[in-house]
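Some notes on the structure that comes next.
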Amino acid sequence: MSTIQLQTLIKADIGTCFDLSRSIDLHKISTAHTNEAAIAGCTQGLIGLDEFVTWEATHFGIRQQLSTKITAFNPPFHFRDEQIKGPFQSMVHDHYFTEKDGIVTMSDIFAFRSPLGPLGRLADRLVLQRYMTALLEKRNQTIKEFAESGQWQSVLQ
């Protein structure tokens, strides 16, 4: 299993950061470069416990679909999304939030495993670890920008 751990500091309140992180609309904005679209399940607004979304996007020149379900939900401190269908053998993404003195620490723990045994593990180390880190960093930067600038009001209504 490959694991990516990220922390992002955001000058905003914890509830705003939590909701931006589960916003389908903000996710579409942060992944516009992959033409990501929510095509089934929760396709707009805020996703919640036991809800799923199916994303379609182009990665490595290949159109792919990934379905995830929210399997843990403790607002505004934590939620987990897990792949229920898609290209990974397994994928679990935990989102944690803490707030101190007006600063939110948003922590991601993203664990994944590609199929195909040793070949998949090699792909994870050589390509996917870096690629997925860049996608998560882009997403987190978008959340930070929206939360700190007040643009969050355009997606959280």
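Please note that chains go A, B, ... in the order of the structure tokens, that every chain numbers its residues from 1, and that ligands are numbered from 1 in the order shown.
Within 9 Å of segment 34-43 of chain A, once only C-alpha atoms are used and residues closer than 4 positions along the same chain are dropped, the contacting residues are A:Ile24, A:Asp25, A:His27, A:Lys28, A:Ile29, A:Ile47, A:Gly48, A:Glu51, A:Phe52, A:Val53, A:Thr54, A:Trp55, A:Glu56, A:Ala57, A:Thr58, A:His59, A:Ser67.
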Which residues are close to Ser2 of chain A, i.e. within 7 Å by only C-alpha atoms, leaving aside same-chain residues fewer than 6 positions away? Reply as a list in words.
Ala111, Phe112, Arg113 and Asp124 of chain A
May I have the residues within 10 Å of Thr133 of chain A as a PyMOL selection string, using only C-alpha atoms and disregarding those fewer than 2 positions away in the same chain?
chain A and resi 3-6+110+128-131+135-139
Can you write out the residues you just picked, keeping N, CA and C atoms, as a CSV table (one decimal), in the first residue's frame?
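So out_15.csv came out as:
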```
chain,number,residue,atom,x,y,z
A,3,THR,N,1.2,5.3,0.6
A,3,THR,CA,0.5,6.3,1.4
A,3,THR,C,1.1,7.7,1.1
A,4,ILE,N,0.2,8.7,1.0
A,4,ILE,CA,0.6,10.1,0.8
A,4,ILE,C,0.0,10.8,2.0
A,5,GLN,N,0.8,11.6,2.7
A,5,GLN,CA,0.3,12.4,3.8
A,5,GLN,C,0.7,13.9,3.6
A,6,LEU,N,-0.4,14.7,3.7
A,6,LEU,CA,-0.2,16.1,3.4
A,6,LEU,C,-0.8,16.9,4.5
A,110,PHE,N,-3.8,9.6,2.3
A,110,PHE,CA,-4.4,9.0,1.0
A,110,PHE,C,-3.6,7.7,0.8
A,128,LEU,N,2.7,6.8,-9.9
A,128,LEU,CA,1.4,7.3,-9.2
A,128,LEU,C,1.6,8.0,-7.9
A,129,GLN,N,2.6,7.7,-7.2
A,129,GLN,CA,2.9,8.5,-5.9
A,129,GLN,C,3.0,10.0,-6.2
A,130,ARG,N,3.9,10.3,-7.2
A,130,ARG,CA,4.1,11.7,-7.5
A,130,ARG,C,2.9,12.3,-8.2
A,131,TYR,N,2.2,11.6,-9.1
A,131,TYR,CA,1.0,12.1,-9.8
A,131,TYR,C,-0.1,12.3,-8.8
A,135,LEU,N,-2.0,15.9,-7.6
A,135,LEU,CA,-3.5,16.2,-7.7
A,135,LEU,C,-4.0,16.6,-6.3
A,136,LEU,N,-3.6,16.0,-5.3
A,136,LEU,CA,-4.0,16.4,-3.9
A,136,LEU,C,-3.5,17.8,-3.5
A,137,GLU,N,-2.3,18.1,-3.9
A,137,GLU,CA,-1.8,19.4,-3.6
A,137,GLU,C,-2.6,20.5,-4.3
A,138,LYS,N,-2.9,20.2,-5.6
A,138,LYS,CA,-3.7,21.2,-6.4
A,138,LYS,C,-5.1,21.4,-5.7
A,139,ARG,N,-5.7,20.3,-5.3
A,139,ARG,CA,-7.0,20.3,-4.7
A,139,ARG,C,-6.9,21.1,-3.4
```
Would you mind writing down, as an MDAnalysis selection string, each residue of segment 7-145 of chain A that DSSP on the backbone assigns to strand (DSSP E or B)?
chainID A and resid 7:10 23 37:41 46 52:59 62:74 78:85 90:100 103:113
Considering only C-alpha atoms, state which residue in the set A:His78, A:Pro87, A:Tyr96, A:Gln151 is at the smallest distance from Arg63 of chain A.
A:Pro87
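We find atom CA of Ile143 of chain A and atom CA of Leu20 of chain A to be spaced 6.2 Å apart.
If only C-alpha atoms are the atoms counted, then among A:Phe77, A:Met132, A:Leu46, A:Ala72 the closest residue to Thr98 of chain A is A:Phe77.
Taking atom CA of Thr105 of chain A and atom CA of Met91 of chain A as the two end points, the separation is 22.6 Å.
Proximity of A:Pro118, A:Gln65, A:Ile14, A:Glu99 to Ile84 of chain A, computed with only C-alpha atoms, is greatest for A:Gln65.
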Per-residue DSSP, segment 80-121 of chain A, filtered to alpha helix (DSSP H), as an mmCIF file with N, CA and C atoms, in the first residue's frame:
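Writing done, so here's out-v2.cif:
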```
data_model
loop_
_atom_site.group_PDB
_atom_site.id
_atom_site.type_symbol
_atom_site.label_atom_id
_atom_site.label_comp_id
_atom_site.auth_asym_id
_atom_site.auth_seq_id
_atom_site.Cartn_x
_atom_site.Cartn_y
_atom_site.Cartn_z
ATOM 1 N N GLY A 117 -0.243 -6.747 -8.950
ATOM 2 C CA GLY A 117 0.830 -7.251 -8.085
ATOM 3 C C GLY A 117 2.099 -6.431 -8.147
ATOM 4 N N PRO A 118 3.248 -7.106 -8.401
ATOM 5 C CA PRO A 118 4.540 -6.412 -8.404
ATOM 6 C C PRO A 118 4.624 -5.293 -9.440
ATOM 7 N N LEU A 119 3.983 -5.479 -10.584
ATOM 8 C CA LEU A 119 3.987 -4.442 -11.618
ATOM 9 C C LEU A 119 3.229 -3.204 -11.135
ATOM 10 N N GLY A 120 2.101 -3.417 -10.470
ATOM 11 C CA GLY A 120 1.329 -2.312 -9.913
ATOM 12 C C GLY A 120 2.103 -1.581 -8.815
ATOM 13 N N ARG A 121 2.792 -2.324 -7.954
ATOM 14 C CA ARG A 121 3.584 -1.682 -6.892
ATOM 15 C C ARG A 121 4.708 -0.840 -7.489
#
```
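Distance check against Ile10 of chain A using only C-alpha atoms: of A:Phe88, A:Phe79, A:Phe97, A:Phe73, the minimum falls on A:Phe97.
Take the candidates A:Val104, A:Ile109, A:Val127, A:Arg80 and check each one against Asp13 of chain A using only C-alpha atoms; the shortest distance goes to A:Val104.
Using only C-alpha atoms, the nearest neighbour of Ala123 of chain A within the list A:His93, A:Thr68, A:Met1, A:Ala12 is A:Met1.
A straight line drawn from atom CA of Leu126 of chain A to atom CA of Ser107 of chain A is 23.8 Å long.
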I'd like the neighbourhood of Thr71 of chain A as a VMD selection string, where a residue qualifies if any of its atoms comes within 7 Å (using only C-alpha atoms), though same-chain residues fewer than 4 positions away should be ignored.
chain A and resid 49 to 50 80 to 82
Kindly export the residues of the current selection with N, CA and C atoms, as a JSON list (two decimals), in the first residue's frame.
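part.json, freshly written:
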```json
[["chain", "number", "residue", "atom", "x", "y", "z"],
["A", 49, "LEU", "N", -22.36, 11.21, 4.62],
["A", 49, "LEU", "CA", -22.22, 9.81, 5.03],
["A", 49, "LEU", "C", -23.09, 8.88, 4.18],
["A", 50, "ASP", "N", -22.46, 7.79, 3.75],
["A", 50, "ASP", "CA", -23.10, 6.72, 2.97],
["A", 50, "ASP", "C", -23.51, 7.15, 1.56],
["A", 80, "ARG", "N", -14.06, 10.12, 5.64],
["A", 80, "ARG", "CA", -13.28, 9.17, 4.83],
["A", 80, "ARG", "C", -14.07, 8.83, 3.58],
["A", 81, "ASP", "N", -13.35, 8.85, 2.45],
["A", 81, "ASP", "CA", -13.94, 8.31, 1.23],
["A", 81, "ASP", "C", -13.12, 7.12, 0.78],
["A", 82, "GLU", "N", -13.83, 6.10, 0.30],
["A", 82, "GLU", "CA", -13.19, 4.86, -0.13],
["A", 82, "GLU", "C", -13.68, 4.49, -1.53]]
```
